[in-house]
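Engineer: I'm passing along run-v7.json; it holds JSON, N, CA and C atoms.
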[["chain", "number", "residue", "atom", "x", "y", "z"],
["A", 1, "MET", "N", -35.61, 26.12, -114.51],
["A", 1, "MET", "CA", -35.79, 25.69, -115.88],
["A", 1, "MET", "C", -34.97, 24.43, -116.10],
["A", 2, "VAL", "N", -35.59, 23.45, -116.64],
["A", 2, "VAL", "CA", -34.92, 22.17, -116.89],
["A", 2, "VAL", "C", -34.70, 22.03, -118.39],
["A", 3, "PHE", "N", -33.52, 21.55, -118.75],
["A", 3, "PHE", "CA", -33.18, 21.33, -120.15],
["A", 3, "PHE", "C", -33.07, 19.84, -120.41],
["A", 4, "THR", "N", -33.54, 19.41, -121.58],
["A", 4, "THR", "CA", -33.39, 18.03, -121.98],
["A", 4, "THR", "C", -31.89, 17.70, -122.02],
["A", 5, "LYS", "N", -31.53, 16.47, -121.71],
["A", 5, "LYS", "CA", -30.12, 16.08, -121.57],
["A", 5, "LYS", "C", -29.27, 16.47, -122.78],
["A", 6, "ARG", "N", -29.82, 16.32, -123.97],
["A", 6, "ARG", "CA", -29.01, 16.59, -125.16],
["A", 6, "ARG", "C", -28.66, 18.07, -125.33],
["A", 7, "LEU", "N", -29.35, 18.98, -124.62],
["A", 7, "LEU", "CA", -29.06, 20.41, -124.73],
["A", 7, "LEU", "C", -28.11, 20.92, -123.65],
["A", 8, "ARG", "N", -27.94, 20.19, -122.58],
["A", 8, "ARG", "CA", -27.20, 20.69, -121.42],
["A", 8, "ARG", "C", -25.76, 21.08, -121.71],
["A", 9, "GLU", "N", -25.07, 20.28, -122.51],
["A", 9, "GLU", "CA", -23.68, 20.60, -122.84],
["A", 9, "GLU", "C", -23.59, 21.90, -123.63],
["A", 10, "GLY", "N", -24.51, 22.11, -124.57],
["A", 10, "GLY", "CA", -24.55, 23.36, -125.34],
["A", 10, "GLY", "C", -24.80, 24.56, -124.46],
["A", 11, "VAL", "N", -25.63, 24.41, -123.44],
["A", 11, "VAL", "CA", -25.88, 25.49, -122.49],
["A", 11, "VAL", "C", -24.61, 25.79, -121.71],
["A", 12, "ARG", "N", -23.96, 24.74, -121.20],
["A", 12, "ARG", "CA", -22.72, 24.93, -120.42],
["A", 12, "ARG", "C", -21.61, 25.58, -121.25],
["A", 13, "LEU", "N", -21.56, 25.26, -122.54],
["A", 13, "LEU", "CA", -20.52, 25.82, -123.41],
["A", 13, "LEU", "C", -20.87, 27.23, -123.92],
["A", 14, "GLY", "N", -22.08, 27.69, -123.63],
["A", 14, "GLY", "CA", -22.50, 29.01, -124.09],
["A", 14, "GLY", "C", -22.98, 29.03, -125.53],
["A", 15, "LYS", "N", -23.16, 27.86, -126.13],
["A", 15, "LYS", "CA", -23.65, 27.78, -127.52],
["A", 15, "LYS", "C", -25.15, 27.97, -127.57],
["A", 16, "ILE", "N", -25.85, 27.62, -126.50],
["A", 16, "ILE", "CA", -27.30, 27.79, -126.41],
["A", 16, "ILE", "C", -27.56, 28.85, -125.35],
["A", 17, "THR", "N", -28.20, 29.96, -125.78],
["A", 17, "THR", "CA", -28.45, 31.07, -124.86],
["A", 17, "THR", "C", -29.90, 31.52, -124.88],
["A", 18, "CYS", "N", -30.77, 30.68, -125.45],
["A", 18, "CYS", "CA", -32.19, 31.00, -125.42],
["A", 18, "CYS", "C", -33.00, 29.72, -125.44],
["A", 19, "SER", "N", -34.25, 29.85, -125.00],
["A", 19, "SER", "CA", -35.15, 28.71, -124.95],
["A", 19, "SER", "C", -36.57, 29.18, -125.23],
["A", 20, "VAL", "N", -37.30, 28.40, -125.99],
["A", 20, "VAL", "CA", -38.72, 28.67, -126.24],
["A", 20, "VAL", "C", -39.50, 27.73, -125.35],
["A", 21, "ARG", "N", -40.43, 28.29, -124.56],
["A", 21, "ARG", "CA", -41.26, 27.49, -123.66],
["A", 21, "ARG", "C", -42.72, 27.81, -123.92],
["A", 22, "ILE", "N", -43.54, 26.78, -123.91],
["A", 22, "ILE", "CA", -44.99, 26.96, -124.06],
["A", 22, "ILE", "C", -45.61, 26.52, -122.75],
["A", 23, "TRP", "N", -46.04, 27.51, -121.97],
["A", 23, "TRP", "CA", -46.54, 27.28, -120.63],
["A", 23, "TRP", "C", -47.93, 27.92, -120.46],
["A", 24, "LYS", "N", -48.65, 27.47, -119.44],
["A", 24, "LYS", "CA", -49.91, 28.13, -119.06],
["A", 24, "LYS", "C", -49.60, 29.50, -118.46],
["A", 25, "ARG", "N", -48.53, 29.53, -117.65],
["A", 25, "ARG", "CA", -48.12, 30.78, -117.01],
["A", 25, "ARG", "C", -46.60, 30.77, -116.94],
["A", 26, "LEU", "N", -46.04, 31.93, -116.73],
["A", 26, "LEU", "CA", -44.60, 32.07, -116.67],
["A", 26, "LEU", "C", -44.03, 31.35, -115.44],
["A", 27, "HIS", "N", -42.93, 30.65, -115.61],
["A", 27, "HIS", "CA", -42.32, 29.88, -114.52],
["A", 27, "HIS", "C", -40.97, 30.42, -114.08],
["A", 28, "VAL", "N", -40.47, 31.46, -114.74],
["A", 28, "VAL", "CA", -39.16, 32.01, -114.42],
["A", 28, "VAL", "C", -39.26, 33.53, -114.33],
["A", 29, "LYS", "N", -38.22, 34.15, -113.74],
["A", 29, "LYS", "CA", -38.18, 35.60, -113.60],
["A", 29, "LYS", "C", -36.85, 36.13, -114.12],
["A", 30, "VAL", "N", -36.87, 37.32, -114.71],
["A", 30, "VAL", "CA", -35.64, 37.96, -115.16],
["A", 30, "VAL", "C", -34.75, 38.21, -113.95],
["A", 31, "GLY", "N", -33.48, 37.87, -114.09],
["A", 31, "GLY", "CA", -32.51, 38.06, -113.01],
["A", 31, "GLY", "C", -32.37, 36.88, -112.08],
["A", 32, "ALA", "N", -33.33, 35.97, -112.11],
["A", 32, "ALA", "CA", -33.27, 34.80, -111.23],
["A", 32, "ALA", "C", -32.33, 33.76, -111.82],
["A", 33, "ARG", "N", -31.77, 32.95, -110.92],
["A", 33, "ARG", "CA", -30.88, 31.87, -111.34],
["A", 33, "ARG", "C", -31.54, 30.53, -111.06],
["A", 34, "TYR", "N", -31.30, 29.60, -111.99],
["A", 34, "TYR", "CA", -31.88, 28.27, -111.88],
["A", 34, "TYR", "C", -30.77, 27.24, -112.04],
["A", 35, "GLY", "N", -30.70, 26.31, -111.09],
["A", 35, "GLY", "CA", -29.62, 25.34, -111.05],
["A", 35, "GLY", "C", -29.66, 24.30, -112.13],
["A", 36, "MET", "N", -28.47, 23.88, -112.51],
["A", 36, "MET", "CA", -28.29, 22.73, -113.39],
["A", 36, "MET", "C", -27.43, 21.75, -112.58],
["A", 37, "GLU", "N", -27.03, 20.62, -113.20],
["A", 37, "GLU", "CA", -26.16, 19.69, -112.46],
["A", 37, "GLU", "C", -24.91, 20.41, -112.00],
["A", 38, "GLU", "N", -24.35, 21.19, -112.90],
["A", 38, "GLU", "CA", -23.19, 22.02, -112.59],
["A", 38, "GLU", "C", -23.57, 23.45, -112.95],
["A", 39, "GLY", "N", -23.34, 24.37, -112.06],
["A", 39, "GLY", "CA", -23.61, 25.77, -112.35],
["A", 39, "GLY", "C", -25.08, 26.11, -112.39],
["A", 40, "GLU", "N", -25.36, 27.26, -112.99],
["A", 40, "GLU", "CA", -26.73, 27.77, -113.05],
["A", 40, "GLU", "C", -26.93, 28.51, -114.36],
["A", 41, "ILE", "N", -28.17, 28.78, -114.69],
["A", 41, "ILE", "CA", -28.46, 29.73, -115.76],
["A", 41, "ILE", "C", -29.11, 30.93, -115.10],
["A", 42, "GLU", "N", -28.80, 32.10, -115.63],
["A", 42, "GLU", "CA", -29.43, 33.33, -115.15],
["A", 42, "GLU", "C", -30.26, 33.90, -116.29],
["A", 43, "VAL", "N", -31.53, 34.17, -116.02],
["A", 43, "VAL", "CA", -32.46, 34.66, -117.03],
["A", 43, "VAL", "C", -32.18, 36.14, -117.30],
["A", 44, "ASP", "N", -31.91, 36.46, -118.58],
["A", 44, "ASP", "CA", -31.62, 37.83, -118.99],
["A", 44, "ASP", "C", -32.87, 38.57, -119.48],
["A", 45, "SER", "N", -33.75, 37.85, -120.18],
["A", 45, "SER", "CA", -34.97, 38.49, -120.69],
["A", 45, "SER", "C", -36.03, 37.44, -120.98],
["A", 46, "ILE", "N", -37.27, 37.90, -120.95],
["A", 46, "ILE", "CA", -38.42, 37.05, -121.28],
["A", 46, "ILE", "C", -39.30, 37.86, -122.22],
["A", 47, "LYS", "N", -39.67, 37.25, -123.35],
["A", 47, "LYS", "CA", -40.50, 37.95, -124.33],
["A", 47, "LYS", "C", -41.62, 37.03, -124.80],
["A", 48, "PRO", "N", -42.87, 37.46, -124.65],
["A", 48, "PRO", "CA", -43.97, 36.67, -125.22],
["A", 48, "PRO", "C", -43.85, 36.71, -126.75],
["A", 49, "ILE", "N", -44.01, 35.56, -127.39],
["A", 49, "ILE", "CA", -43.94, 35.49, -128.84],
["A", 49, "ILE", "C", -45.11, 34.64, -129.36],
["A", 50, "GLY", "N", -45.26, 34.59, -130.66],
["A", 50, "GLY", "CA", -46.30, 33.77, -131.29],
["A", 50, "GLY", "C", -45.67, 32.67, -132.12],
["A", 51, "PHE", "N", -46.47, 31.73, -132.60],
["A", 51, "PHE", "CA", -45.96, 30.64, -133.43],
["A", 51, "PHE", "C", -45.19, 31.14, -134.66],
["A", 52, "PRO", "N", -45.64, 32.21, -135.33],
["A", 52, "PRO", "CA", -44.88, 32.68, -136.50],
["A", 52, "PRO", "C", -43.45, 33.13, -136.14],
["A", 53, "ASP", "N", -43.21, 33.46, -134.88],
["A", 53, "ASP", "CA", -41.87, 33.90, -134.44],
["A", 53, "ASP", "C", -40.91, 32.72, -134.27],
["A", 54, "ILE", "N", -41.44, 31.51, -134.24],
["A", 54, "ILE", "CA", -40.59, 30.33, -134.06],
["A", 54, "ILE", "C", -40.08, 29.90, -135.43],
["A", 55, "THR", "N", -38.94, 30.44, -135.78],
["A", 55, "THR", "CA", -38.35, 30.20, -137.10],
["A", 55, "THR", "C", -37.32, 29.06, -137.01],
["A", 56, "PRO", "N", -36.92, 28.53, -138.15],
["A", 56, "PRO", "CA", -35.84, 27.52, -138.13],
["A", 56, "PRO", "C", -34.57, 28.07, -137.47],
["A", 57, "GLU", "N", -34.27, 29.35, -137.70],
["A", 57, "GLU", "CA", -33.09, 29.96, -137.09],
["A", 57, "GLU", "C", -33.20, 29.99, -135.57],
["A", 58, "LEU", "N", -34.38, 30.37, -135.06],
["A", 58, "LEU", "CA", -34.58, 30.40, -133.61],
["A", 58, "LEU", "C", -34.50, 28.99, -133.04],
["A", 59, "ALA", "N", -35.05, 28.02, -133.75],
["A", 59, "ALA", "CA", -34.97, 26.63, -133.29],
["A", 59, "ALA", "C", -33.52, 26.19, -133.17],
["A", 60, "ARG", "N", -32.70, 26.50, -134.18],
["A", 60, "ARG", "CA", -31.27, 26.12, -134.13],
["A", 60, "ARG", "C", -30.55, 26.87, -133.02],
["A", 61, "GLU", "N", -30.87, 28.15, -132.84],
["A", 61, "GLU", "CA", -30.26, 28.95, -131.76],
["A", 61, "GLU", "C", -30.61, 28.36, -130.39],
["A", 62, "SER", "N", -31.76, 27.71, -130.30],
["A", 62, "SER", "CA", -32.21, 27.08, -129.06],
["A", 62, "SER", "C", -31.66, 25.66, -128.89],
["A", 63, "GLY", "N", -30.89, 25.19, -129.88],
["A", 63, "GLY", "CA", -30.26, 23.88, -129.78],
["A", 63, "GLY", "C", -31.00, 22.75, -130.47],
["A", 64, "PHE", "N", -32.01, 23.07, -131.27],
["A", 64, "PHE", "CA", -32.81, 22.05, -131.94],
["A", 64, "PHE", "C", -32.50, 21.98, -133.42],
["A", 65, "LEU", "N", -32.87, 20.87, -134.04],
["A", 65, "LEU", "CA", -32.63, 20.67, -135.46],
["A", 65, "LEU", "C", -33.55, 21.55, -136.31],
["A", 66, "GLY", "N", -34.75, 21.79, -135.82],
["A", 66, "GLY", "CA", -35.73, 22.59, -136.55],
["A", 66, "GLY", "C", -36.93, 22.89, -135.67],
["A", 67, "VAL", "N", -37.92, 23.52, -136.27],
["A", 67, "VAL", "CA", -39.12, 23.96, -135.54],
["A", 67, "VAL", "C", -39.88, 22.77, -134.94],
["A", 68, "ILE", "N", -40.09, 21.72, -135.70],
["A", 68, "ILE", "CA", -40.85, 20.57, -135.20],
["A", 68, "ILE", "C", -40.14, 19.93, -134.01],
["A", 69, "ASP", "N", -38.83, 19.80, -134.12],
["A", 69, "ASP", "CA", -38.02, 19.25, -133.02],
["A", 69, "ASP", "C", -38.19, 20.11, -131.76],
["A", 70, "LEU", "N", -38.14, 21.42, -131.93],
["A", 70, "LEU", "CA", -38.31, 22.35, -130.80],
["A", 70, "LEU", "C", -39.70, 22.21, -130.19],
["A", 71, "LEU", "N", -40.73, 22.19, -131.02],
["A", 71, "LEU", "CA", -42.10, 22.15, -130.51],
["A", 71, "LEU", "C", -42.40, 20.87, -129.73],
["A", 72, "LYS", "N", -41.75, 19.77, -130.08],
["A", 72, "LYS", "CA", -41.95, 18.52, -129.35],
["A", 72, "LYS", "C", -41.50, 18.64, -127.90],
["A", 73, "VAL", "N", -40.51, 19.49, -127.66],
["A", 73, "VAL", "CA", -39.93, 19.63, -126.32],
["A", 73, "VAL", "C", -40.48, 20.86, -125.58],
["A", 74, "ALA", "N", -40.82, 21.91, -126.33],
["A", 74, "ALA", "CA", -41.19, 23.20, -125.72],
["A", 74, "ALA", "C", -42.53, 23.19, -125.00],
["A", 75, "LYS", "N", -43.48, 22.39, -125.47],
["A", 75, "LYS", "CA", -44.83, 22.43, -124.88],
["A", 75, "LYS", "C", -44.87, 21.65, -123.58],
["A", 76, "HIS", "N", -45.38, 22.32, -122.56],
["A", 76, "HIS", "CA", -45.48, 21.71, -121.24],
["A", 76, "HIS", "C", -46.95, 21.69, -120.81],
["A", 77, "GLY", "N", -47.54, 20.52, -120.75],
["A", 77, "GLY", "CA", -48.93, 20.39, -120.32],
["A", 77, "GLY", "C", -49.88, 21.08, -121.29],
["A", 78, "LYS", "N", -50.84, 21.80, -120.72],
["A", 78, "LYS", "CA", -51.88, 22.46, -121.51],
["A", 78, "LYS", "C", -51.51, 23.90, -121.85],
["A", 79, "GLY", "N", -50.24, 24.22, -121.75],
["A", 79, "GLY", "CA", -49.79, 25.58, -122.00],
["A", 79, "GLY", "C", -50.12, 26.08, -123.40],
["A", 80, "GLU", "N", -50.44, 27.37, -123.48],
["A", 80, "GLU", "CA", -50.73, 28.01, -124.76],
["A", 80, "GLU", "C", -49.94, 29.30, -124.93],
["A", 81, "ASN", "N", -49.30, 29.77, -123.87],
["A", 81, "ASN", "CA", -48.52, 31.00, -123.94],
["A", 81, "ASN", "C", -47.08, 30.65, -124.32],
["A", 82, "ILE", "N", -46.55, 31.33, -125.32],
["A", 82, "ILE", "CA", -45.21, 31.04, -125.83],
["A", 82, "ILE", "C", -44.26, 32.14, -125.35],
["A", 83, "TYR", "N", -43.15, 31.73, -124.77],
["A", 83, "TYR", "CA", -42.16, 32.67, -124.26],
["A", 83, "TYR", "C", -40.79, 32.37, -124.86],
["A", 84, "LEU", "N", -40.09, 33.44, -125.24],
["A", 84, "LEU", "CA", -38.69, 33.33, -125.62],
["A", 84, "LEU", "C", -37.87, 33.80, -124.43],
["A", 85, "ILE", "N", -37.10, 32.91, -123.88],
["A", 85, "ILE", "CA", -36.32, 33.20, -122.69],
["A", 85, "ILE", "C", -34.84, 33.22, -123.07],
["A", 86, "ARG", "N", -34.21, 34.35, -122.85],
["A", 86, "ARG", "CA", -32.77, 34.47, -123.10],
["A", 86, "ARG", "C", -32.05, 34.40, -121.76],
["A", 87, "PHE", "N", -30.90, 33.73, -121.76],
["A", 87, "PHE", "CA", -30.19, 33.49, -120.50],
["A", 87, "PHE", "C", -28.70, 33.35, -120.78],
["A", 88, "HIS", "N", -27.93, 33.30, -119.71],
["A", 88, "HIS", "CA", -26.52, 32.96, -119.83],
["A", 88, "HIS", "C", -26.16, 31.97, -118.74],
["A", 89, "TYR", "N", -25.14, 31.19, -119.01],
["A", 89, "TYR", "CA", -24.69, 30.15, -118.08],
["A", 89, "TYR", "C", -23.73, 30.76, -117.08],
["A", 90, "VAL", "N", -23.89, 30.38, -115.82],
["A", 90, "VAL", "CA", -23.01, 30.83, -114.74],
["A", 90, "VAL", "C", -22.29, 29.59, -114.21],
["A", 91, "ARG", "N", -20.98, 29.59, -114.36],
["A", 91, "ARG", "CA", -20.18, 28.44, -113.92],
["A", 91, "ARG", "C", -20.25, 28.31, -112.39],
["A", 92, "PRO", "N", -20.09, 27.08, -111.90],
["A", 92, "PRO", "CA", -20.09, 26.92, -110.43],
["A", 92, "PRO", "C", -18.86, 27.59, -109.83],
["A", 93, "ARG", "N", -19.03, 28.11, -108.65],
["A", 93, "ARG", "CA", -17.90, 28.73, -107.95],
["A", 93, "ARG", "C", -16.95, 27.64, -107.46],
["A", 94, "ILE", "N", -15.69, 27.97, -107.52],
["A", 94, "ILE", "CA", -14.69, 27.05, -106.98],
["A", 94, "ILE", "C", -14.63, 27.29, -105.48],
["A", 95, "LYS", "N", -14.85, 26.23, -104.75],
["A", 95, "LYS", "CA", -14.84, 26.36, -103.29],
["A", 95, "LYS", "C", -13.40, 26.37, -102.82],
["A", 96, "ARG", "N", -13.06, 27.42, -102.07],
["A", 96, "ARG", "CA", -11.73, 27.51, -101.50],
["A", 96, "ARG", "C", -11.79, 27.06, -100.06],
["A", 97, "PRO", "N", -10.71, 26.45, -99.62],
["A", 97, "PRO", "CA", -10.72, 26.01, -98.23],
["A", 97, "PRO", "C", -10.88, 27.23, -97.31],
["A", 98, "GLY", "N", -11.77, 27.08, -96.36],
["A", 98, "GLY", "CA", -12.02, 28.18, -95.43],
["A", 98, "GLY", "C", -10.97, 28.25, -94.34],
["A", 99, "ARG", "N", -10.99, 29.36, -93.64],
["A", 99, "ARG", "CA", -10.08, 29.51, -92.51],
["A", 99, "ARG", "C", -10.57, 28.60, -91.38],
["A", 100, "PRO", "N", -9.62, 28.09, -90.61],
["A", 100, "PRO", "CA", -10.05, 27.30, -89.45],
["A", 100, "PRO", "C", -10.80, 28.19, -88.46],
["A", 101, "LYS", "N", -11.83, 27.62, -87.87],
["A", 101, "LYS", "CA", -12.59, 28.39, -86.89],
["A", 101, "LYS", "C", -11.83, 28.43, -85.57],
["A", 102, "PRO", "N", -11.88, 29.59, -84.90],
["A", 102, "PRO", "CA", -11.18, 29.67, -83.60],
["A", 102, "PRO", "C", -11.79, 28.71, -82.59],
["A", 103, "ALA", "N", -10.94, 28.20, -81.75],
["A", 103, "ALA", "CA", -11.39, 27.21, -80.75],
["A", 103, "ALA", "C", -12.09, 27.88, -79.60]]
What would you get if you wrote out this structure as structure tokens?
Structural biologist:
Amino acid sequence: MVFTKRLREGVRLGKITCSVRIWKRLHVKVGARYGMEEGEIEVDSIKPIGFPDITPELARESGFLGVIDLLKVAKHGKGENIYLIRFHYVRPRIKRPGRPKPA
């Protein structure tokens, strides 16, 4: 799942934990992780919804100013199926120096 640049910081800070996507078919799976520049998001749930479910509150929860702002970004191609995807951000692991390999 790719997020528009203006939403990425909110995702990393945990302020944005859901996304509305309008796709032809589902592109993500519950439990799967999807990379960002730093860290990943892990999908917690996917729920098919309709246009009436896209409220101003849901738009703001998704990081948008309102419904119209959300719809400009949410539609991908000829998609007609609307999904509410809930997720959480997973910080990148800190790499620790490994043990030297035996000679």
Engineer: Using all atoms listed in the file, which residue out of A:Arg33, A:Arg86, A:Lys75, A:Arg25 lies closest to Ser45 (chain A)?
Structural biologist: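 Residue with the minimum atom-to-atom distance to Ser45 (chain A): A:Arg86.
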Engineer: With distances taken over only C-alpha atoms, which of A:Gly31, A:Gly79, A:Pro52, A:Gly63 is nearest to Thr4 (chain A)?
Structural biologist: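 Distance minimum relative to Thr4 (chain A) lands on A:Gly63.
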Engineer: Out of chain A, which residues get helix (DSSP H, G or I) from DSSP, as a VMD selection string?
Structural biologist: chain A and resid 5 to 12 51 to 53 56 to 61 67 to 74
Engineer: May I have the selected residues written with N, CA and C atoms, as a compact mmCIF listing (two decimals), keeping the file's coordinate frame?
Structural biologist:
# COMPACT_ATOMS: atom_id res chain seq x y z
N LYS A 5 -31.53 16.47 -121.71
CA LYS A 5 -30.12 16.08 -121.57
C LYS A 5 -29.27 16.47 -122.78
N ARG A 6 -29.82 16.32 -123.97
CA ARG A 6 -29.01 16.59 -125.16
C ARG A 6 -28.66 18.07 -125.33
N LEU A 7 -29.35 18.98 -124.62
CA LEU A 7 -29.06 20.41 -124.73
C LEU A 7 -28.11 20.92 -123.65
N ARG A 8 -27.94 20.19 -122.58
CA ARG A 8 -27.20 20.69 -121.42
C ARG A 8 -25.76 21.08 -121.71
N GLU A 9 -25.07 20.28 -122.51
CA GLU A 9 -23.68 20.60 -122.84
C GLU A 9 -23.59 21.90 -123.63
N GLY A 10 -24.51 22.11 -124.57
CA GLY A 10 -24.55 23.36 -125.34
C GLY A 10 -24.80 24.56 -124.46
N VAL A 11 -25.63 24.41 -123.44
CA VAL A 11 -25.88 25.49 -122.49
C VAL A 11 -24.61 25.79 -121.71
N ARG A 12 -23.96 24.74 -121.20
CA ARG A 12 -22.72 24.93 -120.42
C ARG A 12 -21.61 25.58 -121.25
N PHE A 51 -46.47 31.73 -132.60
CA PHE A 51 -45.96 30.64 -133.43
C PHE A 51 -45.19 31.14 -134.66
N PRO A 52 -45.64 32.21 -135.33
CA PRO A 52 -44.88 32.68 -136.50
C PRO A 52 -43.45 33.13 -136.14
N ASP A 53 -43.21 33.46 -134.88
CA ASP A 53 -41.87 33.90 -134.44
C ASP A 53 -40.91 32.72 -134.27
N PRO A 56 -36.92 28.53 -138.15
CA PRO A 56 -35.84 27.52 -138.13
C PRO A 56 -34.57 28.07 -137.47
N GLU A 57 -34.27 29.35 -137.70
CA GLU A 57 -33.09 29.96 -137.09
C GLU A 57 -33.20 29.99 -135.57
N LEU A 58 -34.38 30.37 -135.06
CA LEU A 58 -34.58 30.40 -133.61
C LEU A 58 -34.50 28.99 -133.04
N ALA A 59 -35.05 28.02 -133.75
CA ALA A 59 -34.97 26.63 -133.29
C ALA A 59 -33.52 26.19 -133.17
N ARG A 60 -32.70 26.50 -134.18
CA ARG A 60 -31.27 26.12 -134.13
C ARG A 60 -30.55 26.87 -133.02
N GLU A 61 -30.87 28.15 -132.84
CA GLU A 61 -30.26 28.95 -131.76
C GLU A 61 -30.61 28.36 -130.39
N VAL A 67 -37.92 23.52 -136.27
CA VAL A 67 -39.12 23.96 -135.54
C VAL A 67 -39.88 22.77 -134.94
N ILE A 68 -40.09 21.72 -135.70
CA ILE A 68 -40.85 20.57 -135.20
C ILE A 68 -40.14 19.93 -134.01
N ASP A 69 -38.83 19.80 -134.12
CA ASP A 69 -38.02 19.25 -133.02
C ASP A 69 -38.19 20.11 -131.76
N LEU A 70 -38.14 21.42 -131.93
CA LEU A 70 -38.31 22.35 -130.80
C LEU A 70 -39.70 22.21 -130.19
N LEU A 71 -40.73 22.19 -131.02
CA LEU A 71 -42.10 22.15 -130.51
C LEU A 71 -42.40 20.87 -129.73
N LYS A 72 -41.75 19.77 -130.08
CA LYS A 72 -41.95 18.52 -129.35
C LYS A 72 -41.50 18.64 -127.90
N VAL A 73 -40.51 19.49 -127.66
CA VAL A 73 -39.93 19.63 -126.32
C VAL A 73 -40.48 20.86 -125.58
N ALA A 74 -40.82 21.91 -126.33
CA ALA A 74 -41.19 23.20 -125.72
C ALA A 74 -42.53 23.19 -125.00
Engineer: Between A:Leu7, A:Met36, A:Met1, A:Cys18, which is the closest to Leu65 (chain A) once you count only C-alpha atoms?
Structural biologist: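 Closest to Leu65 (chain A) of all the choices is A:Leu7.
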Engineer: So, with only N, CA and C atoms as the atoms that count, which of A:Lys15, A:Lys5, A:Lys47, A:Lys72 lies closest to Ile85 (chain A)?
Structural biologist: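 Answer, going by the shortest atom-to-atom distance: A:Lys47.
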Engineer: From the set A:Val67, A:Ile41, A:Val90, A:Ala74, which residue has the shortest atom-to-atom contact distance to Ile54 (chain A), counting all atoms listed in the file?
Structural biologist: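 Once distances to Ile54 (chain A) are computed over all atoms listed in the file, the minimum belongs to A:Val67.
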Engineer: For the point (-39.8, 30.0, -131.5) in the file's frame, write as JSON, numbers by chain all residues with an atom no more than 12 Å away, counting only C-alpha atoms.
Structural biologist: {"A": [18, 19, 20, 21, 22, 47, 48, 49, 50, 51, 52, 53, 54, 55, 56, 57, 58, 59, 60, 61, 62, 63, 64, 66, 67, 68, 69, 70, 71, 72, 73, 74, 75, 81, 82, 83, 84, 85, 86]}
